[in-house]
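**Q** model31.tsv is reproduced below (TSV, C-alpha atoms).
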chain	number	residue	atom	x	y	z
A	1	MET	CA	-9.47	63.62	55.85
A	2	ASP	CA	-10.41	60.88	58.32
A	3	VAL	CA	-11.98	58.81	55.52
A	4	THR	CA	-8.89	59.19	53.32
A	5	TYR	CA	-6.63	58.23	56.21
A	6	SER	CA	-8.73	55.17	56.96
A	7	LEU	CA	-8.63	54.06	53.34
A	8	LEU	CA	-4.86	54.48	53.19
A	9	CYS	CA	-4.47	52.46	56.37
A	10	ALA	CA	-6.67	49.70	54.98
A	11	LEU	CA	-4.72	49.60	51.73
A	12	LEU	CA	-1.43	49.55	53.61
A	13	PHE	CA	-2.62	46.71	55.83
A	14	TYR	CA	-3.83	44.78	52.76
A	15	SER	CA	-0.49	45.27	50.95
A	16	VAL	CA	1.56	44.24	53.98
A	17	THR	CA	-0.63	41.17	54.51
A	18	VAL	CA	-0.27	40.03	50.91
A	19	PHE	CA	3.49	40.67	50.92
A	20	ALA	CA	3.89	38.66	54.12
A	21	GLN	CA	1.89	35.80	52.65
A	22	ASN	CA	4.02	35.73	49.47
A	23	CYS	CA	1.04	35.17	47.21
A	24	VAL	CA	-1.13	36.80	44.58
A	25	PRO	CA	-4.31	38.04	46.31
A	26	THR	CA	-7.36	35.82	45.89
A	27	PHE	CA	-9.67	36.57	48.80
A	28	LEU	CA	-11.22	39.81	50.02
A	29	ASN	CA	-13.03	39.40	53.33
A	30	ASN	CA	-14.25	35.96	52.31
A	31	GLU	CA	-15.80	33.69	54.90
A	32	VAL	CA	-13.97	30.44	55.64
A	33	GLU	CA	-15.43	27.62	57.70
A	34	ILE	CA	-12.98	25.35	59.51
A	35	GLU	CA	-14.28	22.02	60.73
A	36	LEU	CA	-12.37	20.56	63.65
A	37	SER	CA	-13.02	17.17	65.20
A	38	ASN	CA	-15.43	18.62	67.76
A	39	GLN	CA	-16.43	22.09	66.55
A	40	LYS	CA	-16.77	24.48	63.63
A	41	LEU	CA	-15.05	27.84	63.44
A	42	THR	CA	-15.68	30.68	61.02
A	43	THR	CA	-13.20	33.37	60.04
A	44	THR	CA	-12.70	35.88	57.26
A	45	VAL	CA	-9.70	35.87	54.95
A	46	THR	CA	-8.12	38.60	52.85
A	47	GLY	CA	-5.26	37.93	50.47
A	48	CYS	CA	-4.57	34.20	50.73
A	49	LEU	CA	-5.36	31.43	53.17
A	50	VAL	CA	-2.13	30.30	54.83
A	51	GLY	CA	-1.41	27.89	57.62
A	52	ASN	CA	-0.58	30.43	60.33
A	53	GLN	CA	-4.16	31.74	60.12
A	54	LEU	CA	-5.58	28.40	61.21
A	55	PRO	CA	-6.00	26.86	64.66
A	56	ARG	CA	-3.51	24.27	65.74
A	57	GLY	CA	-4.50	20.64	65.98
A	58	ASN	CA	-6.49	18.35	63.76
A	59	ILE	CA	-8.59	19.82	60.96
A	60	ASP	CA	-11.27	17.76	59.22
A	61	SER	CA	-12.05	20.18	56.41
A	62	ILE	CA	-11.81	23.75	55.22
A	63	ASN	CA	-14.92	25.03	53.45
A	64	ILE	CA	-15.32	28.13	51.30
A	65	LYS	CA	-18.81	28.12	49.82
A	66	ALA	CA	-21.38	30.26	47.99
A	67	GLN	CA	-19.36	33.46	47.54
A	68	VAL	CA	-17.87	35.39	44.61
A	69	ILE	CA	-14.21	34.53	44.04
A	70	PRO	CA	-13.25	35.15	40.38
A	71	SER	CA	-9.96	33.23	40.40
A	72	LEU	CA	-7.69	31.11	42.55
A	73	ASN	CA	-4.31	32.77	42.14
A	74	SER	CA	-0.80	31.60	42.94
A	75	GLY	CA	-0.55	30.66	46.59
A	76	ALA	CA	-4.29	31.06	47.20
A	77	ILE	CA	-4.18	28.16	49.66
A	78	SER	CA	-0.71	27.52	51.05
A	79	ASN	CA	1.54	26.32	53.85
A	80	ILE	CA	-0.98	24.17	55.70
A	81	GLN	CA	0.68	21.21	57.35
A	82	GLN	CA	-2.36	19.47	58.82
A	83	LYS	CA	-4.25	16.65	57.16
A	84	PHE	CA	-7.52	18.02	55.71
A	85	GLN	CA	-10.15	18.13	52.98
A	86	LEU	CA	-10.68	21.32	50.99
A	87	HIS	CA	-14.07	22.37	49.60
A	88	ILE	CA	-14.20	25.51	47.44
A	89	ILE	CA	-17.61	25.15	45.80
A	90	HIS	CA	-20.37	27.41	44.43
A	91	ASN	CA	-18.03	30.43	44.31
A	92	GLU	CA	-18.23	31.46	40.63
A	93	ILE	CA	-14.51	30.75	40.17
A	94	GLU	CA	-13.50	31.10	36.52
A	95	VAL	CA	-9.74	30.44	36.53
A	96	ILE	CA	-7.31	28.29	38.50
A	97	ARG	CA	-3.79	29.68	38.26
A	98	LYS	CA	-0.46	27.88	38.39
A	99	ASN	CA	0.55	26.95	41.95
A	100	ALA	CA	-2.79	27.99	43.42
A	101	PHE	CA	-2.31	25.16	45.93
A	102	ARG	CA	1.17	25.41	47.41
A	103	ASN	CA	2.89	23.44	50.16
A	104	LEU	CA	-0.10	21.38	51.24
A	105	PRO	CA	1.67	18.09	52.00
A	106	ARG	CA	-1.32	16.41	53.68
A	107	LEU	CA	-4.26	17.66	51.63
A	108	GLN	CA	-6.36	14.59	50.87
A	109	ASN	CA	-9.27	15.68	48.68
A	110	LEU	CA	-9.89	18.86	46.71
A	111	HIS	CA	-13.46	19.77	45.74
A	112	LEU	CA	-13.86	22.56	43.19
A	113	ASP	CA	-17.18	21.49	41.73
A	114	HIS	CA	-20.11	23.80	40.95
A	115	ASN	CA	-18.10	26.84	39.98
A	116	HIS	CA	-17.72	28.61	36.62
A	117	ILE	CA	-14.22	27.33	35.89
A	118	ALA	CA	-13.36	27.62	32.21
A	119	SER	CA	-9.57	27.63	32.36
A	120	VAL	CA	-7.07	25.57	34.34
A	121	GLU	CA	-3.44	26.58	33.92
A	122	PRO	CA	-0.60	24.05	33.62
A	123	TYR	CA	0.82	23.08	37.02
A	124	ALA	CA	-2.35	24.22	38.76
A	125	PHE	CA	-2.29	20.88	40.57
A	126	GLU	CA	1.34	20.07	41.33
A	127	ASN	CA	3.29	18.41	44.13
A	128	LEU	CA	0.27	17.63	46.28
A	129	GLN	CA	1.91	14.60	47.81
A	130	SER	CA	-1.08	13.18	49.69
A	131	ILE	CA	-3.99	14.13	47.50
A	132	GLU	CA	-6.29	11.26	46.56
A	133	GLY	CA	-9.15	13.00	44.75
A	134	VAL	CA	-9.62	16.10	42.58
A	135	TYR	CA	-13.23	16.99	41.79
A	136	LEU	CA	-13.95	19.52	39.05
A	137	SER	CA	-17.50	18.47	38.20
A	138	ASN	CA	-20.16	20.91	36.99
A	139	ASN	CA	-17.97	23.69	35.65
A	140	ASN	CA	-17.37	25.23	32.21
A	141	ILE	CA	-13.98	23.69	31.44
A	142	ASP	CA	-13.43	23.40	27.69
A	143	VAL	CA	-9.65	22.99	27.59
A	144	ILE	CA	-7.16	21.33	29.91
A	145	LYS	CA	-3.55	21.87	28.95
A	146	LYS	CA	-0.56	19.56	29.10
A	147	ASP	CA	1.05	19.19	32.54
A	148	THR	CA	-1.93	20.25	34.62
A	149	PHE	CA	-1.88	17.34	37.09
A	150	VAL	CA	1.80	16.88	37.95
A	151	ASN	CA	3.57	14.79	40.58
A	152	LEU	CA	0.51	13.59	42.45
A	153	PRO	CA	1.78	10.21	43.67
A	154	LYS	CA	-1.38	9.23	45.58
A	155	LEU	CA	-4.05	10.59	43.24
A	156	THR	CA	-6.68	7.91	42.64
A	157	ASP	CA	-9.80	9.82	41.52
A	158	ILE	CA	-10.25	12.57	38.95
A	159	PHE	CA	-13.77	13.79	38.19
A	160	ILE	CA	-14.19	16.32	35.35
A	161	ASN	CA	-17.73	15.38	34.43
A	162	ASN	CA	-20.42	17.87	33.36
A	163	ASN	CA	-18.06	20.29	31.68
A	164	LYS	CA	-17.44	21.37	28.07
A	165	LEU	CA	-14.33	19.40	27.18
A	166	LYS	CA	-13.93	18.61	23.51
A	167	LYS	CA	-11.02	16.19	23.74
A	168	PHE	CA	-9.11	13.93	26.10
A	169	ASP	CA	-5.32	13.94	26.33
A	170	GLN	CA	-3.34	11.70	28.67
A	171	ASN	CA	-0.64	14.39	28.71
A	172	TRP	CA	-2.78	16.29	31.19
A	173	PHE	CA	-1.20	13.90	33.70
A	174	VAL	CA	2.46	13.54	34.68
A	175	SER	CA	3.58	11.20	37.46
A	176	THR	CA	0.15	10.07	38.65
A	177	PRO	CA	0.94	6.36	39.08
A	178	MET	CA	-2.06	5.52	41.29
A	179	LEU	CA	-4.88	6.99	39.18
A	180	ILE	CA	-7.83	4.56	39.26
A	181	TRP	CA	-10.97	6.55	38.38
A	182	LEU	CA	-11.14	8.76	35.27
A	183	VAL	CA	-14.62	10.26	35.03
A	184	LEU	CA	-15.40	12.47	32.02
A	185	ASN	CA	-19.07	11.82	31.43
A	186	ASP	CA	-21.37	14.58	30.15
A	187	ASN	CA	-18.83	16.58	28.18
A	188	GLN	CA	-18.64	17.33	24.45
A	189	ILE	CA	-15.73	15.11	23.46
A	190	ILE	CA	-15.94	14.78	19.69
A	191	THR	CA	-12.47	13.58	18.79
A	192	ALA	CA	-11.82	9.88	18.58
A	193	LEU	CA	-10.05	7.88	21.24
A	194	GLN	CA	-6.72	7.37	19.53
A	195	ARG	CA	-4.26	4.49	19.72
A	196	ALA	CA	-2.90	3.89	23.24
A	197	ALA	CA	-4.96	6.80	24.55
A	198	PHE	CA	-4.34	5.74	28.16
A	199	GLN	CA	-0.99	3.95	27.98
A	200	ASP	CA	0.62	6.26	30.56
A	201	LEU	CA	-2.30	5.71	32.96
A	202	ARG	CA	-2.01	1.97	33.38
A	203	SER	CA	-3.42	1.86	36.89
A	204	LEU	CA	-6.90	2.86	35.67
A	205	THR	CA	-9.71	0.55	36.75
A	206	THR	CA	-12.68	2.77	35.78
A	207	ILE	CA	-13.16	4.96	32.71
A	208	ASP	CA	-16.40	6.85	32.13
A	209	PHE	CA	-17.03	8.66	28.83
A	210	THR	CA	-20.83	8.42	29.00
A	211	ASN	CA	-22.85	11.07	27.15
A	212	ASN	CA	-20.21	12.62	24.96
A	213	ASN	CA	-19.98	12.74	21.17
A	214	LEU	CA	-17.52	9.91	20.55
A	215	SER	CA	-17.90	8.46	17.08
A	216	TYR	CA	-14.72	6.39	16.73
A	217	ILE	CA	-12.47	4.29	18.94
A	218	HIS	CA	-9.11	3.16	17.61
A	219	PRO	CA	-8.73	-0.64	17.80
A	220	GLU	CA	-5.74	-0.20	20.14
A	221	ALA	CA	-7.18	2.65	22.23
A	222	PHE	CA	-7.10	0.61	25.45
A	223	TYR	CA	-3.56	-0.69	25.02
A	224	GLY	CA	-1.85	-1.29	28.36
A	225	LEU	CA	-4.95	-1.16	30.56
A	226	ASN	CA	-4.70	-4.60	32.09
A	227	GLN	CA	-6.39	-3.45	35.32
A	228	LEU	CA	-9.41	-1.86	33.64
A	229	GLY	CA	-12.57	-3.29	35.18
A	230	GLU	CA	-15.33	-0.88	34.19
A	231	LEU	CA	-15.64	0.91	30.84
A	232	SER	CA	-18.60	3.22	30.21
A	233	LEU	CA	-19.15	4.44	26.65
A	234	GLY	CA	-22.92	4.77	26.61
A	235	GLU	CA	-24.86	7.64	25.01
A	236	ASN	CA	-22.35	8.45	22.31
A	237	GLU	CA	-22.35	8.26	18.50
A	238	LEU	CA	-20.51	4.96	18.06
A	239	THR	CA	-21.48	2.79	15.09
A	240	SER	CA	-18.77	0.11	15.15
A	241	PHE	CA	-17.13	-1.94	17.90
A	242	GLU	CA	-15.90	-4.94	15.99
A	243	GLU	CA	-12.23	-3.90	15.80
A	244	VAL	CA	-11.84	-2.64	19.38
A	245	ASN	CA	-9.26	-4.83	21.08
A	246	LEU	CA	-10.40	-5.71	24.60
A	247	SER	CA	-7.73	-8.35	25.16
A	248	TYR	CA	-5.57	-5.81	27.02
A	249	SER	CA	-8.30	-5.48	29.64
A	250	SER	CA	-8.42	-9.00	31.01
A	251	ALA	CA	-9.94	-7.76	34.30
A	252	MET	CA	-13.01	-6.13	32.75
A	253	TYR	CA	-16.27	-6.99	34.51
A	254	ARG	CA	-18.64	-4.27	33.28
A	255	LEU	CA	-18.95	-2.80	29.79
A	256	SER	CA	-21.55	-0.15	28.98
A	257	ILE	CA	-22.14	0.69	25.30
A	258	GLU	CA	-25.86	1.43	25.53
A	259	HIS	CA	-27.61	4.17	23.52
A	260	ASN	CA	-25.18	4.39	20.64
A	261	LYS	CA	-25.85	3.68	16.97
A	262	PHE	CA	-24.81	0.04	16.73
A	263	THR	CA	-26.78	-2.11	14.31
A	264	TYR	CA	-24.26	-4.95	14.46
A	265	LEU	CA	-22.69	-6.49	17.54
A	266	SER	CA	-21.39	-10.03	17.56
A	267	PRO	CA	-20.58	-12.11	20.67
A	268	ARG	CA	-17.07	-12.63	19.31
A	269	PHE	CA	-16.32	-8.93	19.95
A	270	PHE	CA	-16.44	-9.65	23.68
A	271	ASN	CA	-14.81	-13.08	23.87
A	272	ALA	CA	-11.54	-11.57	25.11
A	273	VAL	CA	-13.23	-10.58	28.39
A	274	ARG	CA	-15.77	-13.38	28.56
A	275	GLY	CA	-14.09	-14.96	31.58
A	276	THR	CA	-14.29	-11.86	33.79
A	277	MET	CA	-17.31	-9.96	32.50
A	278	THR	CA	-20.41	-9.99	34.69
A	279	GLU	CA	-22.48	-7.20	33.10
A	280	LEU	CA	-22.90	-5.98	29.53
A	281	PHE	CA	-25.18	-3.02	28.70
A	282	ILE	CA	-26.34	-2.79	25.07
A	283	GLN	CA	-29.92	-1.48	25.41
A	284	GLY	CA	-31.10	1.44	23.29
A	285	ASN	CA	-29.09	0.45	20.21
A	286	PRO	CA	-30.88	-0.29	16.91
A	287	LEU	CA	-29.42	-3.79	16.80
A	288	GLN	CA	-30.49	-6.40	14.31
A	289	CYS	CA	-32.80	-8.90	15.96
A	290	ALA	CA	-30.53	-11.76	14.90
A	291	CYS	CA	-27.62	-10.10	16.73
A	292	VAL	CA	-29.71	-9.64	19.87
A	293	ASP	CA	-30.65	-13.32	19.80
A	294	ASP	CA	-26.99	-14.33	19.47
A	295	LEU	CA	-25.94	-12.06	22.34
A	296	VAL	CA	-28.71	-13.25	24.66
A	297	LEU	CA	-27.68	-16.87	24.11
A	298	TRP	CA	-23.98	-16.06	24.49
A	299	ALA	CA	-24.55	-14.15	27.73
A	300	SER	CA	-26.67	-16.94	29.17
A	301	ASN	CA	-24.03	-19.55	28.35
A	302	ASN	CA	-21.32	-17.46	30.03
A	303	ASN	CA	-23.25	-16.34	33.15
A	304	ILE	CA	-23.19	-12.71	32.05
A	305	THR	CA	-26.04	-10.36	32.89
A	306	LEU	CA	-27.07	-8.74	29.63
A	307	PHE	CA	-29.08	-5.52	29.67
A	308	TRP	CA	-30.60	-5.48	26.20
A	309	LYS	CA	-34.19	-4.30	26.43
A	310	CYS	CA	-36.05	-1.15	27.45
A	311	GLU	CA	-38.97	-2.26	29.57
A	312	GLU	CA	-41.42	0.42	28.41
A	313	LYS	CA	-40.77	-0.13	24.69
A	314	GLU	CA	-42.22	-2.85	22.53
A	315	VAL	CA	-39.51	-2.57	19.87
A	316	TYR	CA	-36.04	-3.57	21.07
A	317	CYS	CA	-34.40	-4.63	17.81
A	318	VAL	CA	-34.71	-4.04	14.07
A	319	PHE	CA	-35.08	-6.27	11.06
A	320	PRO	CA	-32.97	-5.45	8.01
A	321	LEU	CA	-34.67	-5.20	4.65
A	322	THR	CA	-33.10	-8.50	3.52
A	323	SER	CA	-31.72	-11.71	5.11
A	324	GLU	CA	-33.20	-10.87	8.50
A	325	ASN	CA	-32.02	-14.09	10.14
A	326	ASP	CA	-28.32	-13.27	9.68
A	327	CYS	CA	-26.32	-11.15	12.14
A	328	VAL	CA	-23.88	-9.48	9.75
A	329	LYS	CA	-22.47	-6.03	9.20
A	330	ARG	CA	-24.74	-3.98	6.94
A	331	ALA	CA	-24.89	-0.51	5.44
A	332	ILE	CA	-27.33	1.87	7.10
A	333	GLY	CA	-29.38	1.93	3.91
A	334	GLN	CA	-30.43	-1.66	4.58
A	335	PHE	CA	-32.66	-0.55	7.47
A	336	ASN	CA	-35.81	1.49	7.91
A	337	SER	CA	-34.39	4.91	8.86
A	338	SER	CA	-37.35	6.04	11.00
A	339	LEU	CA	-37.11	2.87	13.08
A	340	ILE	CA	-33.39	3.46	13.65
A	341	GLU	CA	-34.04	6.97	14.99
A	342	SER	CA	-36.65	5.74	17.45
A	343	PHE	CA	-33.89	4.16	19.54
A	344	ARG	CA	-32.40	7.52	20.56
A	345	SER	CA	-34.84	8.17	23.41
A	346	ASP	CA	-34.17	7.25	27.04
A	347	CYS	CA	-35.34	3.99	28.48
A	348	THR	CA	-35.62	2.03	31.70
A	349	ILE	CA	-33.72	-1.23	31.49
A	350	GLU	CA	-34.98	-4.64	32.45
Transcribe the structure of this file into structure tokens.
**A**
Amino acid sequence: MDVTYSLLCALLFYSVTVFAQNCVPTFLNNEVEIELSNQKLTTTVTGCLVGNQLPRGNIDSINIKAQVIPSLNSGAISNIQQKFQLHIIHNEIEVIRKNAFRNLPRLQNLHLDHNHIASVEPYAFENLQSIEGVYLSNNNIDVIKKDTFVNLPKLTDIFINNNKLKKFDQNWFVSTPMLIWLVLNDNQIITALQRAAFQDLRSLTTIDFTNNNLSYIHPEAFYGLNQLGELSLGENELTSFEEVNLSYSSAMYRLSIEHNKFTYLSPRFFNAVRGTMTELFIQGNPLQCACVDDLVLWASNNNITLFWKCEEKEVYCVFPLTSENDCVKRAIGQFNSSLIESFRSDCTIE
């Protein structure tokens, strides 16, 4: 009888707590670390984490780490008025629900990396008026739906690297006018970058698609990106770059297209950004030797640092079967296939 009574009391307390918090329960006796300017406090949370559970005064960060929390439900973190960073990492989270983060007007950075997140619902990140960075690295995300990042006026950084994404869609973002860094390296993006793929994200200065499966870039993919300074497309399956229009990106200073499948690259492809470019990475491509010679000379004449050679490899370019002194576009059958494949391994650049 005493055990039954105790259980009923616990359930009643839990229900009243959740009702008072106006949220869908997320936590069950989970440990929360609160970093203040001069001390650290630890508490346990059941239901949701709301502002009236926290100490008054300045908060540096709230940390929830290395536990089992299957999902972040509606109102999981809510009604916190202080300025703070939020770290919810290594918790085996699988799903982020709509409005999981509610009424957090001064939240600056949100770290959700190193979980098991596979699904992010639309409006999961909405109306976070002060947030500058969202970090979703090292999860299992394979799909992000339209209207996931909505009305984030100060968002500058989004990191979704080391996931399982198969495509990129700018419609993930609505009203994110300050977005600067878009980092999607180490995913499985196999669809092409289509025309004007980033036209609603014109503040971007850095795009990283390294180590995906990109095989095609539309000539007008980078339309509207006149502030783009760094573009990383290395370790993909690209075979052609000659039609990609870089003239929209007149501020570009670093272009990385290393470890693709290019056999033909001409200096004229990069003339549109010749005046601002300082670094060009082309190493690990099976380029024709004549093209490498042209690019080395072009880079030297324009004070551009060209990374074109792997220091531990003797072979850094290929000769076609005919007319080896001409840098021209050729069919793959005009090369020794085994030599082409040898360029797929990693290298240290000079």
**Q** Compare A:Val273, A:Val244, A:Val68, A:Ile131 by their minimum atom-to-atom distance to A:Ile304, counting all atoms listed in the file, and give me the closest one.
**A** A:Val273
**Q** Taking 5 positions as the minimum chain separation for residues in the same chain, which residues sit within 10 Å of A:Asn151 when counting only C-alpha atoms? Answer as JSON, numbers by chain.
**A** {"A": [123, 125, 126, 127, 128, 129, 173, 174, 175, 176, 177]}
**Q** Would you save the residues from that selection as a compact mmCIF listing (two decimals), in the coordinates of the input, using C-alpha atoms?
**A**
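To be explicit, this is the file written out as out_18.txt:
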# COMPACT_ATOMS: atom_id res chain seq x y z
CA TYR A 123 0.82 23.08 37.02
CA PHE A 125 -2.29 20.88 40.57
CA GLU A 126 1.34 20.07 41.33
CA ASN A 127 3.29 18.41 44.13
CA LEU A 128 0.27 17.63 46.28
CA GLN A 129 1.91 14.60 47.81
CA PHE A 173 -1.20 13.90 33.70
CA VAL A 174 2.46 13.54 34.68
CA SER A 175 3.58 11.20 37.46
CA THR A 176 0.15 10.07 38.65
CA PRO A 177 0.94 6.36 39.08
**Q** Measuring atom to atom with only C-alpha atoms, identify which of A:Ile180, A:Ala66, A:Leu36, A:Ala251 is nearest to A:Asn226.
**A** A:Ala251
**Q** Using Å and a single decimal, report how far atom CA of A:Asn30 sits from atom CA of A:Ile64.
**A**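 About the pair atom CA of A:Ile64 and atom CA of A:Asn30: they are 8.0 Å apart.
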**Q** Which residues come within 9 Å of A:Tyr248, counting only C-alpha atoms, excluding same-chain residues fewer than 5 positions away, as a PyMOL selection string?
**A** chain A and resi 220+222-228+272
**Q** So that I have them on file, write out the residues from the current selection with C-alpha atoms, as a PDB file, in the coordinates of the input.
**A**
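New file selection09.pdb:
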ATOM      1  CA  GLU A 220      -5.740  -0.200  20.140  1.00  0.00           C
ATOM      2  CA  PHE A 222      -7.100   0.610  25.450  1.00  0.00           C
ATOM      3  CA  TYR A 223      -3.560  -0.690  25.020  1.00  0.00           C
ATOM      4  CA  GLY A 224      -1.850  -1.290  28.360  1.00  0.00           C
ATOM      5  CA  LEU A 225      -4.950  -1.160  30.560  1.00  0.00           C
ATOM      6  CA  ASN A 226      -4.700  -4.600  32.090  1.00  0.00           C
ATOM      7  CA  GLN A 227      -6.390  -3.450  35.320  1.00  0.00           C
ATOM      8  CA  LEU A 228      -9.410  -1.860  33.640  1.00  0.00           C
ATOM      9  CA  ALA A 272     -11.540 -11.570  25.110  1.00  0.00           C
TER      10      ALA A 272
END
**Q** Which distance in Å separates atom CA of A:His87 and atom CA of A:Phe209, to one decimal?
**A**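 These two atoms are separated by 25.1 Å.
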**Q** Kindly indicate which residue among A:Ala221, A:Leu214, A:Ile144, A:Ile93 lies nearest to A:Gln194, using all atoms listed in the file for the distances.
**A** A:Ala221
**Q** How big is the axis-aligned box, and where does its centre sit, when it encloses all atoms of stretch 302-313 of chain A listed in the file and has 4 Å added on every side, reported in Å to one decimal as lines of an AutoDock Vina configuration file?
**A**
center_x = -31.4
center_y = -8.5
center_z = 28.9
size_x = 28.1
size_y = 25.9
size_z = 16.5
**Q** Calculated over all atoms listed in the file, which of the candidates A:Ser215, A:Cys291, A:Asp113, A:Leu204 has the smallest distance to A:Met252?
**A**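 Among the listed residues, A:Leu204 lies closest to A:Met252.
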